[in-house]
$ cat model-v3.txt   # compact mmCIF, C-alpha atoms and all ligand atoms
# COMPACT_ATOMS: atom_id res chain seq x y z
CA MET W 400 114.25 83.11 113.36
CA THR W 401 117.13 84.78 111.53
CA VAL W 402 117.50 88.50 112.19
CA LEU W 403 119.78 90.51 109.91
CA VAL W 404 120.99 93.72 111.55
CA ALA W 405 122.36 96.01 108.84
CA ASP W 406 123.21 99.08 110.95
CA SER W 407 124.73 99.82 114.36
CA VAL W 408 122.32 99.06 117.16
CA SER W 409 123.16 98.65 120.85
CA ASP W 410 124.88 95.49 122.07
CA ALA W 411 122.11 95.11 124.64
CA ALA W 412 119.56 94.92 121.82
CA LEU W 413 121.56 92.27 119.97
CA ASP W 414 121.96 90.26 123.20
CA ALA W 415 118.24 90.48 123.95
CA ILE W 416 117.35 89.15 120.50
CA ARG W 417 119.91 86.34 120.81
CA GLU W 418 118.61 85.48 124.28
CA GLY W 419 115.18 85.15 122.68
CA GLY W 420 116.67 82.19 120.78
CA HIS W 421 117.18 83.90 117.45
CA ASP W 422 120.14 83.90 115.08
CA VAL W 423 121.51 87.40 114.75
CA VAL W 424 123.60 88.26 111.71
CA GLU W 425 125.18 91.64 112.43
CA ASP W 426 126.84 93.59 109.64
CA PRO W 427 126.53 97.33 110.25
CA GLY W 428 128.19 98.31 106.97
CA LEU W 429 125.58 96.84 104.62
CA LYS W 430 124.33 99.26 101.96
CA GLY W 431 122.96 98.99 98.42
CA ASP W 432 124.08 95.86 96.59
CA ALA W 433 125.85 94.51 99.68
CA LEU W 434 122.54 94.63 101.57
CA VAL W 435 120.75 92.84 98.73
CA ASP W 436 123.48 90.17 98.66
CA ALA W 437 123.31 89.68 102.43
CA LEU W 438 119.52 89.38 102.32
CA ARG W 439 119.85 86.79 99.56
CA GLU W 440 122.52 84.88 101.46
CA HIS W 441 120.88 84.81 104.91
CA ASP W 442 117.21 85.02 103.87
CA PRO W 443 116.23 86.49 107.27
CA ALA W 444 112.70 86.72 108.66
CA VAL W 445 113.55 90.12 110.16
CA LEU W 446 115.72 92.97 108.92
CA VAL W 447 116.77 95.70 111.37
CA VAL W 448 118.09 98.98 109.94
CA ARG W 449 118.74 102.57 110.94
CA SER W 450 119.09 104.97 107.97
CA THR W 451 120.13 102.26 105.52
CA LYS W 452 117.84 102.34 102.51
CA VAL W 453 115.55 99.35 101.99
CA PRO W 454 114.25 99.53 98.40
CA ALA W 455 111.99 97.02 96.62
CA GLU W 456 115.06 95.19 95.35
CA ALA W 457 116.14 94.46 98.92
CA LEU W 458 112.64 93.28 99.88
CA ASP W 459 112.68 90.88 96.92
CA ALA W 460 116.07 89.41 97.85
CA ALA W 461 114.82 87.56 100.94
CA PRO W 462 111.77 85.34 100.28
CA SER W 463 111.41 84.65 104.04
CA LEU W 464 111.37 88.33 105.02
CA GLU W 465 108.38 89.11 107.26
CA LEU W 466 109.34 92.26 109.13
CA VAL W 467 111.58 95.30 108.65
CA VAL W 468 112.34 97.21 111.86
CA ARG W 469 113.48 100.83 111.51
CA ALA W 470 115.64 101.38 114.60
CA GLY W 471 114.68 105.04 114.59
CA ALA W 472 111.74 107.27 113.69
CA GLY W 473 111.68 108.14 109.96
CA VAL W 474 110.60 105.35 107.59
CA ASP W 475 111.13 107.38 104.41
CA THR W 476 114.24 105.26 103.72
CA ILE W 477 112.13 102.11 103.44
CA ASP W 478 109.87 101.21 100.52
CA VAL W 479 106.87 100.92 102.84
CA ALA W 480 104.35 100.63 100.00
CA GLY W 481 106.49 97.88 98.44
CA ALA W 482 106.62 96.08 101.78
CA SER W 483 102.84 96.28 102.03
CA THR W 484 102.31 94.72 98.62
CA ARG W 485 104.65 91.90 99.61
CA GLY W 486 102.91 91.31 102.96
CA VAL W 487 105.99 92.45 104.89
CA PHE W 488 105.48 94.41 108.11
CA VAL W 489 107.40 97.64 108.69
CA ALA W 490 107.74 98.96 112.24
CA ASN W 491 109.68 101.83 113.80
CA CYS W 492 110.63 102.99 117.29
CA PRO W 493 108.52 106.13 117.74
CA GLY W 494 109.61 108.76 120.21
CA LYS W 495 112.66 106.90 121.45
CA ASN W 496 115.17 109.36 119.99
CA ALA W 497 112.99 112.47 120.29
CA ALA W 498 114.81 114.01 123.26
CA ALA W 499 118.17 113.56 121.52
CA VAL W 500 116.95 115.29 118.35
CA ALA W 501 115.38 118.13 120.32
CA GLU W 502 118.67 118.61 122.17
CA LEU W 503 120.52 118.97 118.86
CA ALA W 504 117.86 121.21 117.33
CA PHE W 505 118.01 123.51 120.35
CA GLY W 506 121.78 123.43 120.20
CA LEU W 507 121.60 124.57 116.59
CA LEU W 508 119.13 127.35 117.42
CA LEU W 509 121.47 128.65 120.11
CA ALA W 510 124.47 128.15 117.82
CA LEU W 511 122.78 130.28 115.15
CA ASP W 512 122.00 133.01 117.62
CA ARG W 513 125.49 133.21 119.12
CA ARG W 514 127.46 131.92 116.11
CA ILE W 515 129.15 129.38 118.36
CA PRO W 516 130.77 127.32 115.55
CA ASP W 517 132.28 130.46 113.98
CA ASN W 518 133.61 131.56 117.38
CA VAL W 519 135.30 128.19 117.73
CA ILE W 520 136.66 128.13 114.18
CA ALA W 521 138.19 131.60 114.64
CA ALA W 522 139.85 130.62 117.93
CA ARG W 523 141.22 127.43 116.36
CA ALA W 524 142.60 129.52 113.51
CA GLY W 525 144.47 131.66 116.08
CA ARG W 526 142.14 134.66 115.74
CA TRP W 527 140.61 136.54 118.72
CA ASP W 528 137.48 138.46 117.69
CA LYS W 529 135.48 139.54 120.72
CA LYS W 530 134.45 142.61 118.73
CA GLY W 531 133.15 140.62 115.75
CA PHE W 532 131.24 138.05 117.80
CA ALA W 533 129.96 140.41 120.47
CA SER W 534 126.48 140.93 119.05
CA ALA W 535 123.60 138.46 119.21
CA ARG W 536 119.85 138.83 119.50
CA GLY W 537 119.29 136.43 122.40
CA VAL W 538 116.43 133.91 122.44
CA ARG W 539 114.47 134.80 125.61
CA GLY W 540 111.14 136.31 124.61
CA ARG W 541 111.69 135.44 120.93
CA THR W 542 108.97 133.33 119.34
CA LEU W 543 109.88 129.80 118.35
CA GLY W 544 107.89 128.36 115.45
CA LEU W 545 107.47 124.62 115.23
CA LEU W 546 106.33 122.68 112.18
CA GLY W 547 105.14 119.25 113.31
CA MET W 548 104.10 118.51 116.87
CA GLY W 549 104.94 114.82 116.98
CA SER W 550 107.38 113.40 119.51
CA ILE W 551 110.23 115.79 118.65
CA GLY W 552 108.06 118.89 118.24
CA ARG W 553 106.66 118.27 121.73
CA GLU W 554 110.14 117.89 123.21
CA MET W 555 111.03 121.21 121.55
CA ALA W 556 108.03 122.97 123.12
CA GLU W 557 109.13 121.78 126.55
CA ARG W 558 112.66 123.08 126.03
CA ALA W 559 111.39 126.40 124.63
CA ARG W 560 109.56 126.99 127.91
CA ALA W 561 112.82 126.64 129.82
CA PHE W 562 114.40 129.25 127.53
CA GLY W 563 111.51 131.68 127.96
CA MET W 564 110.46 131.37 124.32
CA PRO W 565 106.76 131.54 123.41
CA VAL W 566 105.90 128.82 120.86
CA VAL W 567 103.66 129.03 117.82
CA ALA W 568 103.09 125.61 116.27
CA TRP W 569 101.49 124.08 113.20
CA SER W 570 100.81 120.40 112.94
CA ARG W 571 98.19 118.75 110.74
CA SER W 572 96.28 117.22 113.64
CA LEU W 573 97.00 119.73 116.41
CA THR W 574 93.78 120.79 118.13
CA ASP W 575 93.22 123.87 120.27
CA ASP W 576 92.94 121.60 123.32
CA ASP W 577 96.26 119.90 122.47
CA ALA W 578 97.90 123.29 121.96
CA ARG W 579 96.60 124.54 125.31
CA ALA W 580 97.85 121.42 127.08
CA LEU W 581 101.27 121.83 125.44
CA GLY W 582 101.42 125.54 126.28
CA VAL W 583 101.75 126.58 122.61
CA THR W 584 99.74 128.80 120.28
CA ARG W 585 98.20 126.83 117.43
CA ALA W 586 98.74 128.20 113.94
CA ASP W 587 96.27 127.41 111.17
CA THR W 588 98.92 127.10 108.47
CA PRO W 589 102.70 126.79 108.15
CA LEU W 590 102.71 130.33 106.72
CA ASP W 591 101.16 131.61 109.95
CA VAL W 592 104.12 130.11 111.78
CA ALA W 593 106.55 131.80 109.39
CA ARG W 594 104.91 135.19 109.94
CA GLN W 595 104.94 134.99 113.73
CA ALA W 596 108.23 133.27 114.55
CA ASP W 597 111.74 134.64 115.01
CA MET W 598 113.17 131.13 114.84
CA VAL W 599 111.63 128.04 113.24
CA SER W 600 112.43 124.38 113.80
CA VAL W 601 111.10 121.72 111.45
CA HIS W 602 109.84 118.35 112.75
CA VAL W 603 107.48 116.83 110.21
CA ALA W 604 107.99 113.45 108.59
CA SER W 605 109.14 113.34 104.99
CA THR W 606 106.15 112.49 102.80
CA PRO W 607 104.96 113.65 99.38
CA GLU W 608 102.67 116.12 101.22
CA THR W 609 105.47 117.67 103.29
CA ARG W 610 107.97 118.04 100.44
CA HIS W 611 109.17 121.66 100.40
CA LEU W 612 106.80 122.57 103.22
CA VAL W 613 109.39 125.28 103.81
CA ASP W 614 109.51 126.91 100.39
CA ALA W 615 110.26 130.38 98.99
CA ASP W 616 106.88 131.73 100.18
CA PHE W 617 107.48 130.43 103.69
CA LEU W 618 110.94 131.98 103.82
CA GLU W 619 109.63 135.25 102.42
CA ALA W 620 107.03 135.36 105.22
CA MET W 621 109.72 134.96 107.93
CA PRO W 622 111.13 138.19 109.36
CA GLU W 623 114.50 139.44 108.05
CA GLY W 624 117.38 137.76 109.84
CA ALA W 625 115.22 134.92 111.17
CA ALA W 626 116.71 131.51 111.97
CA LEU W 627 115.66 128.14 110.58
CA VAL W 628 116.70 124.71 111.81
CA ASN W 629 115.98 121.46 109.97
CA THR W 630 116.59 118.20 111.78
CA ALA W 631 113.73 116.42 109.95
CA ARG W 632 114.61 115.54 106.37
CA ALA W 633 116.24 117.46 103.53
CA ASP W 634 113.26 117.38 101.18
CA VAL W 635 110.97 119.09 103.68
CA VAL W 636 112.93 122.29 103.05
CA ASP W 637 113.60 123.82 99.62
CA GLU W 638 117.35 124.27 100.02
CA ALA W 639 117.70 126.36 96.85
CA ALA W 640 115.16 128.83 98.28
CA VAL W 641 117.07 128.75 101.58
CA ALA W 642 120.29 129.65 99.77
CA ARG W 643 118.54 132.68 98.21
CA ALA W 644 117.04 133.73 101.56
CA VAL W 645 120.46 133.49 103.20
CA ASP W 646 121.81 135.92 100.59
CA THR W 647 118.89 138.30 100.32
CA ARG W 648 117.14 138.23 103.70
CA GLY W 649 119.89 137.38 106.13
CA LEU W 650 118.31 134.00 106.94
CA ARG W 651 120.41 131.96 109.35
CA TYR W 652 120.17 128.25 108.59
CA ALA W 653 121.27 125.05 110.25
CA THR W 654 120.54 121.52 109.13
CA ASP W 655 121.34 118.03 110.38
CA VAL W 656 119.91 116.50 107.21
CA PRO W 657 121.49 118.22 104.20
CA ALA W 658 120.35 117.33 100.69
CA GLY W 659 122.63 114.77 99.09
CA GLU W 660 123.58 113.30 102.45
CA PRO W 661 126.15 110.57 101.77
CA ALA W 662 124.97 106.99 102.36
CA ALA W 663 128.41 106.08 103.71
CA LYS W 664 129.22 107.00 107.29
CA GLN W 665 132.51 108.65 106.34
CA GLY W 666 133.81 110.20 103.14
CA ASP W 667 133.96 113.38 101.11
CA PHE W 668 131.20 115.92 101.47
CA GLU W 669 130.34 118.95 99.41
CA HIS W 670 127.29 121.11 99.84
CA PRO W 671 126.36 124.52 98.41
CA LEU W 672 125.46 125.78 101.91
CA ALA W 673 128.47 124.31 103.71
CA ASP W 674 129.99 127.76 104.32
CA ALA W 675 126.79 129.75 104.82
CA ALA W 676 124.92 127.33 107.08
CA TYR W 677 125.71 125.16 110.07
CA ILE W 678 125.58 121.58 108.84
CA THR W 679 125.79 118.66 111.24
CA HIS W 680 126.24 115.08 110.14
CA HIS W 681 122.79 113.55 110.63
CA VAL W 682 123.60 112.90 114.27
CA GLY W 683 120.34 114.05 115.83
CA ALA W 684 119.65 110.58 117.19
CA SER W 685 123.25 109.79 118.01
CA THR W 686 123.44 110.04 121.79
CA ASP W 687 124.13 107.04 124.01
CA GLN W 688 120.74 107.52 125.64
CA ALA W 689 118.91 107.47 122.32
CA THR W 690 120.92 104.51 121.03
CA GLU W 691 120.03 102.52 124.16
CA ALA W 692 116.36 103.47 124.02
CA ILE W 693 116.12 102.75 120.30
CA GLY W 694 117.94 99.41 120.68
CA GLN W 695 115.66 98.35 123.50
CA GLU W 696 112.56 99.22 121.48
CA ALA W 697 113.85 97.53 118.32
CA ALA W 698 114.53 94.35 120.32
CA ARG W 699 111.06 94.57 121.90
CA VAL W 700 109.48 94.77 118.44
CA VAL W 701 111.44 91.76 117.16
CA LEU W 702 110.73 89.63 120.24
CA ALA W 703 107.06 90.58 120.42
CA TYR W 704 106.66 89.62 116.78
CA ALA W 705 108.46 86.32 117.28
CA GLU W 706 106.39 85.46 120.35
CA THR W 707 102.93 86.71 119.34
CA GLY W 708 102.93 87.32 115.59
CA ARG W 709 101.81 90.86 116.37
CA VAL W 710 103.94 93.84 115.41
CA PRO W 711 104.25 96.75 117.84
CA ASN W 712 104.57 100.15 116.12
CA SER W 713 103.64 98.78 112.69
CA VAL W 714 103.48 101.63 110.18
CA ASN W 715 101.88 99.67 107.34
CA LEU W 716 98.89 97.93 108.89
CA ALA W 717 95.61 99.51 107.83
CA ASP W 718 94.19 101.52 110.76
CA GLN W 719 90.83 100.77 109.38
CA THR W 720 90.10 97.98 106.94
CA ALA W 721 87.36 97.97 104.33
CA ALA W 722 85.30 95.63 106.52
CA THR W 723 81.60 96.42 106.48
CA HIS W 724 80.30 93.48 108.53
CA LEU W 725 81.30 91.25 111.43
CA LEU W 726 80.51 87.54 111.35
CA THR W 727 80.64 85.89 114.78
CA VAL W 728 80.64 82.10 114.87
CA ARG W 729 80.47 80.15 118.12
CA HIS W 730 81.61 76.62 117.51
CA LEU W 731 83.04 73.49 119.08
CA ASP W 732 86.83 73.50 119.05
CA ARG W 733 87.23 70.80 116.41
CA VAL W 734 89.41 70.36 113.34
CA GLY W 735 87.85 71.61 110.13
CA VAL W 736 85.07 73.82 111.52
CA LEU W 737 86.67 77.06 110.35
CA ALA W 738 87.47 75.57 106.94
CA GLY W 739 83.76 74.77 106.58
CA VAL W 740 82.75 78.29 107.61
CA LEU W 741 85.28 79.91 105.26
CA ALA W 742 84.11 77.77 102.36
CA VAL W 743 80.67 79.37 102.73
CA VAL W 744 82.26 82.82 103.13
CA ARG W 745 84.12 82.30 99.87
CA GLU W 746 81.05 81.13 97.99
CA ALA W 747 79.11 84.14 99.30
CA GLY W 748 81.81 86.43 97.85
CA TRP W 749 82.61 87.97 101.23
CA ASN W 750 86.16 89.36 101.28
CA VAL W 751 87.79 88.62 104.65
CA GLN W 752 89.52 91.72 106.09
CA GLU W 753 90.26 90.61 109.65
CA MET W 754 89.91 87.28 111.42
CA GLU W 755 90.48 85.80 114.89
CA ASN W 756 89.53 82.62 116.71
CA LEU W 757 89.47 82.54 120.52
CA VAL W 758 89.18 79.32 122.53
CA PHE W 759 87.23 79.24 125.81
CA THR W 760 89.16 77.77 128.76
CA GLY W 761 88.14 74.22 129.50
CA GLY W 762 84.87 74.42 127.59
CA GLY W 763 85.96 72.84 124.31
CA ALA W 764 84.29 75.70 122.49
CA ALA W 765 85.59 78.69 120.57
CA VAL W 766 84.42 81.90 118.98
CA ALA W 767 85.59 83.04 115.55
CA ARG W 768 85.23 86.63 114.46
CA VAL W 769 85.51 87.41 110.78
CA ARG W 770 85.29 90.98 109.52
CA PHE W 771 84.47 91.12 105.85
CA ASP W 772 83.21 93.36 103.11
CA GLY W 773 80.45 92.07 100.93
CA ALA W 774 76.70 91.86 100.93
CA PRO W 775 75.50 89.62 103.80
CA SER W 776 72.73 87.19 102.97
CA ASP W 777 70.39 85.19 105.21
CA GLU W 778 70.99 82.18 102.99
CA ALA W 779 74.79 82.23 103.52
CA LEU W 780 74.30 82.72 107.26
CA ALA W 781 71.91 79.77 107.38
CA ARG W 782 74.48 77.60 105.62
CA ILE W 783 77.18 78.64 108.12
CA ARG W 784 74.88 77.62 110.97
CA GLU W 785 74.57 74.20 109.34
CA VAL W 786 78.35 73.58 109.24
CA GLU W 787 79.13 70.65 111.52
CA HIS W 788 80.01 71.72 115.11
CA VAL W 789 78.85 75.33 114.61
CA LEU W 790 76.75 76.37 117.64
CA ASN W 791 75.57 79.76 116.42
CA ALA W 792 76.40 82.44 113.86
CA THR W 793 75.41 86.10 113.56
CA VAL W 794 76.28 88.97 111.22
CA ILE W 795 76.17 92.65 112.13
CA ALA W 796 77.16 95.79 110.22
CA VAL W 797 80.31 97.50 111.59
N1 LIG J 801 118.02 114.17 112.53
C1 LIG J 801 117.78 113.00 113.06
O1 LIG J 801 118.65 112.26 113.43
C2 LIG J 801 116.35 112.57 113.22
C3 LIG J 801 116.02 111.69 114.26
C4 LIG J 801 114.69 111.32 114.43
C5 LIG J 801 113.73 111.77 113.54
N2 LIG J 801 114.09 112.58 112.52
C6 LIG J 801 113.07 113.07 111.57
O2 LIG J 801 112.11 113.80 112.31
C7 LIG J 801 110.81 113.41 111.90
C8 LIG J 801 109.85 113.61 113.05
O3 LIG J 801 110.19 112.70 114.08
P1 LIG J 801 109.17 112.44 115.30
O4 LIG J 801 109.83 111.46 116.19
O5 LIG J 801 108.68 113.72 115.86
O6 LIG J 801 107.99 111.72 114.50
P2 LIG J 801 106.45 111.73 114.82
O7 LIG J 801 105.86 110.63 114.00
O8 LIG J 801 106.18 111.74 116.27
O9 LIG J 801 105.94 113.12 114.21
C9 LIG J 801 105.85 113.29 112.83
C10 LIG J 801 105.23 114.63 112.53
O10 LIG J 801 105.09 114.72 111.10
C11 LIG J 801 103.75 115.06 110.79
N3 LIG J 801 103.35 114.49 109.52
C12 LIG J 801 103.45 113.20 109.12
N4 LIG J 801 102.93 113.05 107.89
C13 LIG J 801 102.49 114.28 107.52
C14 LIG J 801 101.83 114.77 106.36
N5 LIG J 801 101.54 113.97 105.34
N6 LIG J 801 101.52 116.08 106.32
C15 LIG J 801 101.81 116.91 107.36
N7 LIG J 801 102.43 116.49 108.48
C16 LIG J 801 102.75 115.19 108.56
C17 LIG J 801 102.91 114.50 111.93
O11 LIG J 801 101.67 115.15 112.02
C18 LIG J 801 103.82 114.80 113.12
O12 LIG J 801 103.66 116.11 113.53
C19 LIG J 801 110.98 111.94 111.47
O13 LIG J 801 109.99 111.56 110.55
C20 LIG J 801 112.36 111.94 110.86
O14 LIG J 801 112.28 112.23 109.49
C21 LIG J 801 115.37 112.98 112.33
O1 LIG J 802 114.56 109.08 111.65
C1 LIG J 802 115.43 108.88 112.48
O2 LIG J 802 115.26 108.20 113.52
C2 LIG J 802 116.74 109.55 112.31
O3 LIG J 802 116.91 110.12 111.08
C3 LIG J 802 117.92 108.81 112.84
O4 LIG J 802 118.75 108.32 111.84
P1 LIG J 802 119.91 107.30 112.25
O5 LIG J 802 119.20 106.08 112.77
O6 LIG J 802 120.65 107.06 111.00
O7 LIG J 802 120.71 107.96 113.30
$ encode --input "model-v3.txt" --output "C-alpha cells" --more "lines below"
Ligand SMILES: NC(=O)c1ccc[n+]([C@@H]2O[C@H](COP(=O)([O-])OP(=O)(O)OC[C@H]3O[C@@H](n4cnc5c(N)ncnc54)[C@H](O)[C@@H]3O)[C@@H](O)[C@H]2O)c1
Ligand SMILES: O=C(O)[C@H](O)COP(=O)(O)O
Amino acid sequence: MTVLVADSVSDAALDAIREGGHDVVEDPGLKGDALVDALREHDPAVLVVRSTKVPAEALDAAPSLELVVRAGAGVDTIDVAGASTRGVFVANCPGKNAAAVAELAFGLLLALDRRIPDNVIAARAGRWDKKGFASARGVRGRTLGLLGMGSIGREMAERARAFGMPVVAWSRSLTDDDARALGVTRADTPLDVARQADMVSVHVASTPETRHLVDADFLEAMPEGAALVNTARADVVDEAAVARAVDTRGLRYATDVPAGEPAAKQGDFEHPLADAAYITHHVGASTDQATEAIGQEAARVVLAYAETGRVPNSVNLADQTAATHLLTVRHLDRVGVLAGVLAVVREAGWNVQEMENLVFTGGGAAVARVRFDGAPSDEALARIREVEHVLNATVIAV
C-alpha cells in the first residue's frame, strides 16, 4: 500500500508503517496545488495529514485513495462529506493530544491573569515595571467555564481542580451523572456558562452548529474583565465581537487558533487582535509527548486498516444505518452461494446496508448476515432457502 504523509509526523510512526510493508512517501510541506499534484503522482491508498487542508479536489486527484488519517483531533480541515460520497474513510486520533492542548489552554489562562507575556516583553525591552504588573486577580476560587467536555474539556476540568477552580461546563451531551463524575457543575446552555464563569475556555469542535458559539450575547453575559481562551477553532468565536468586548468590557482574550491562520508554517502574520490579545501559533498539540502519541495512533490506524480492512476512529461511517431487517443465511462454504442469495435480494428490492460472512472452523459451513432496508417477503425468503447449498435463512426486524 502507498501511504502519502503530507505533514510532520513522528519518525517512529513512519518506521512502523514501513515495517508493516508499506511504501511511505513523506513530504511534510505539501499544501494546496502541491498536495493535489503529489496525490496525482503517487496515487496513494492512504493520505496522512495534520492541519493540511484536504478539499474535494485533493480527494479526486488519487483514484486509489481509500483512507485519510487526520494525525490530530479536528477534522474540519478535511472535506469529510466529500470523502463519504467517494467511499473514502476519514479517521482521526481522538484524545491523543488532549493533555498538550489543556496544558497550553491553562498556560494562557494563567498568562491572562498575570500578564506574563507583557512582563516578559517589558523586561526584554529594558523596562522594569513591578508597579505596573503588580496587580492580578488570581485564579484560586474563580469559576472556570468550559464549553465542550470532550477529551480536552475533561483534561481542563482535572487541571482546574489542582488550581482550586470550581468548573461550570456546557457540552451538548453532558449528563448530570457525567458532570458529577467529573466534579463539574453542568450548565444548561452556553449562556449559563458565560453568566457564571470568571474565565472561559472553549473546546468544542468546529461545525456549522458551533460557529460563533461565543458571540456578542455570550460576551455580554460574561462579567466585566473576564478572560476567554480559545484553543479550539477560530470560527467557534466571533472575533469581531471579541474585539469590541476587549475595548468596552475589559475582556482579556487569548487564542491559539486566530482567524486567518496562515496555511504555511512560517511567514508574515497580521491580526486585528495581535496587540490586544495573546495569540499563540496553533501549537496546542505541539509537544513531543503529543507528537509521539499522535504518531503512534496514526500508524495504528493505517496498519489496522491494511491488515483488517476496518478503520479505527472512523469519523464518517454511519453509526446507525437505515437497515430495518436482518437476513441470516446459514450455508455451505462454497463458491457462488452468496451471489445466488444476493441475486434474490436484488430482485426483492432490498437495499443492503451492512453485510458479513463468517466461516465455521472445520465445518465447511458459514453464516452470512445481511442488514437491509426494504419490505421482507415470505416469497423472497423461500427463494433464498432454495439457493443451492443454503442450509437455512431467516429474516427479523432490527
Ligand atoms: N489548538 C490545537 O492545537 C488543537 C489541538 C487539538 C484539538 N483542537 C480543537 O479542539 C477541538 C476539541 O478537541 P477534543 O480532542 O476535545 O475533541 P472531542 O471530539 O473529544 O470533543 C469535541 C467536543 O465538541 C463538541 N461538539 C462536536 N460537535 C458539536 C456540535 N455540533 N454542537 C455542539 N458541540 C459539538 C462535542 O460534544 C465535544 O464536547 C477539536 O475539534 C479541534 O478543533 C485544537
Ligand atoms: O485538531 C488538532 O488536532 C489540532 O488543531 C492540531 O493541529 P496540528 O496537527 O496542526 O498541530
$ residues_near_ligand --input "model-v3.txt" --ligand "ligand LIG 801 (chain J)" --cutoff "7 Å" --atoms "only C-alpha atoms and all ligand atoms" --output "ChimeraX atom specification"
/W:471-474,493-494,496-497,500,547-552,570-572,602-609,630-632,655-656,681-685
$ closest_atom_pairs --input "model-v3.txt" --of "region 693-795 of chain W" --to "region 426-449 of chain W" --cutoff "10 Å" --atoms "only C-alpha atoms" --output "tab-separated table"
residue	atom	partner	partner_atom	distance
W:Ile693	CA	W:Arg449	CA	9.7
W:Ala697	CA	W:Val447	CA	7.8
W:Ala698	CA	W:Val447	CA	9.3
W:Val701	CA	W:Val445	CA	7.5
W:Tyr704	CA	W:Val445	CA	9.6
W:Ala705	CA	W:Val445	CA	9.5
$ residues_around --input "model-v3.txt" --residues "Glu557 (chain W)" --least-positions-apart "6" --cutoff "10 Å" --atoms "only C-alpha atoms" --output "number ranges by chain"
W: 501, 551, 564, 566, 581-583
$ residues_near_point --input "model-v3.txt" --point "(117.9, 101.1, 102.3)" --cutoff "7 Å" --atoms "only C-alpha atoms" --output "number ranges by chain"
W: 430-431, 450-454, 476-477
$ atom_distance --input "model-v3.txt" --atom1 "CA of Val468 (chain W)" --atom2 "CA of Arg485 (chain W)"
15.4 Å
$ residues_around --input "model-v3.txt" --residues "Leu725 (chain W)" --least-positions-apart "6" --cutoff "8 Å" --atoms "only C-alpha atoms" --output "PyMOL selection string"
chain W and resi 768-771+794-797
$ write_last_selection --input "model-v3.txt" --atoms "C-alpha atoms" --output "PDB file, keeping the file's coordinate frame"
ATOM      1  CA  ARG W 768      85.230  86.630 114.460  1.00  0.00           C
ATOM      2  CA  VAL W 769      85.510  87.410 110.780  1.00  0.00           C
ATOM      3  CA  ARG W 770      85.290  90.980 109.520  1.00  0.00           C
ATOM      4  CA  PHE W 771      84.470  91.120 105.850  1.00  0.00           C
ATOM      5  CA  VAL W 794      76.280  88.970 111.220  1.00  0.00           C
ATOM      6  CA  ILE W 795      76.170  92.650 112.130  1.00  0.00           C
ATOM      7  CA  ALA W 796      77.160  95.790 110.220  1.00  0.00           C
ATOM      8  CA  VAL W 797      80.310  97.500 111.590  1.00  0.00           C
TER       9      VAL W 797
END
$ closest_residue --input "model-v3.txt" --among "W:Val743, W:His611, W:Asp597, W:Thr690" --to "ligand LIG 802 (chain J)" --atoms "only C-alpha atoms and all ligand atoms"
W:Thr690
$ atom_distance --input "model-v3.txt" --atom1 "CA of Ala765 (chain W)" --atom2 "CA of His730 (chain W)"
5.4 Å
$ atom_distance --input "model-v3.txt" --atom1 "CA of Val751 (chain W)" --atom2 "CA of Val736 (chain W)"
16.5 Å
$ residues_near_point --input "model-v3.txt" --point "(96.1, 126.2, 116.0)" --cutoff "6 Å" --atoms "all atoms listed in the file" --output "short mmCIF file (atom, residue, chain, number, x, y, z; two decimals) with C-alpha atoms, in the frame of the given file"
data_model
loop_
_atom_site.label_atom_id
_atom_site.label_comp_id
_atom_site.auth_asym_id
_atom_site.auth_seq_id
_atom_site.Cartn_x
_atom_site.Cartn_y
_atom_site.Cartn_z
CA ASP W 575 93.22 123.87 120.27
CA ARG W 585 98.20 126.83 117.43
CA ALA W 586 98.74 128.20 113.94
CA ASP W 587 96.27 127.41 111.17
#
$ residues_around --input "model-v3.txt" --residues "region 413-416 of chain W" --least-positions-apart "4" --cutoff "12 Å" --atoms "all atoms listed in the file" --output "ChimeraX atom specification"
/W:400-409,420-426,445,447,691,693-706
$ closest_residue --input "model-v3.txt" --among "W:Leu672, W:Ala779, W:Ala662, W:Val786" --to "ligand LIG 802 (chain J)" --atoms "all atoms listed in the file"
W:Ala662
$ closest_residue --input "model-v3.txt" --among "W:Val710, W:Ala764, W:Ala633, W:Val641" --to "ligand LIG 802 (chain J)" --atoms "all atoms listed in the file"
W:Ala633
$ residues_around --input "model-v3.txt" --residues "Glu465 (chain W)" --least-positions-apart "2" --cutoff "8 Å" --atoms "only C-alpha atoms" --output "PyMOL selection string"
chain W and resi 444-445+463+467+486-488
$ residues_around --input "model-v3.txt" --residues "Met621 (chain W)" --least-positions-apart "3" --cutoff "10 Å" --atoms "all atoms listed in the file" --output "PyMOL selection string"
chain W and resi 590-599+616-618+624-627+644+648+650
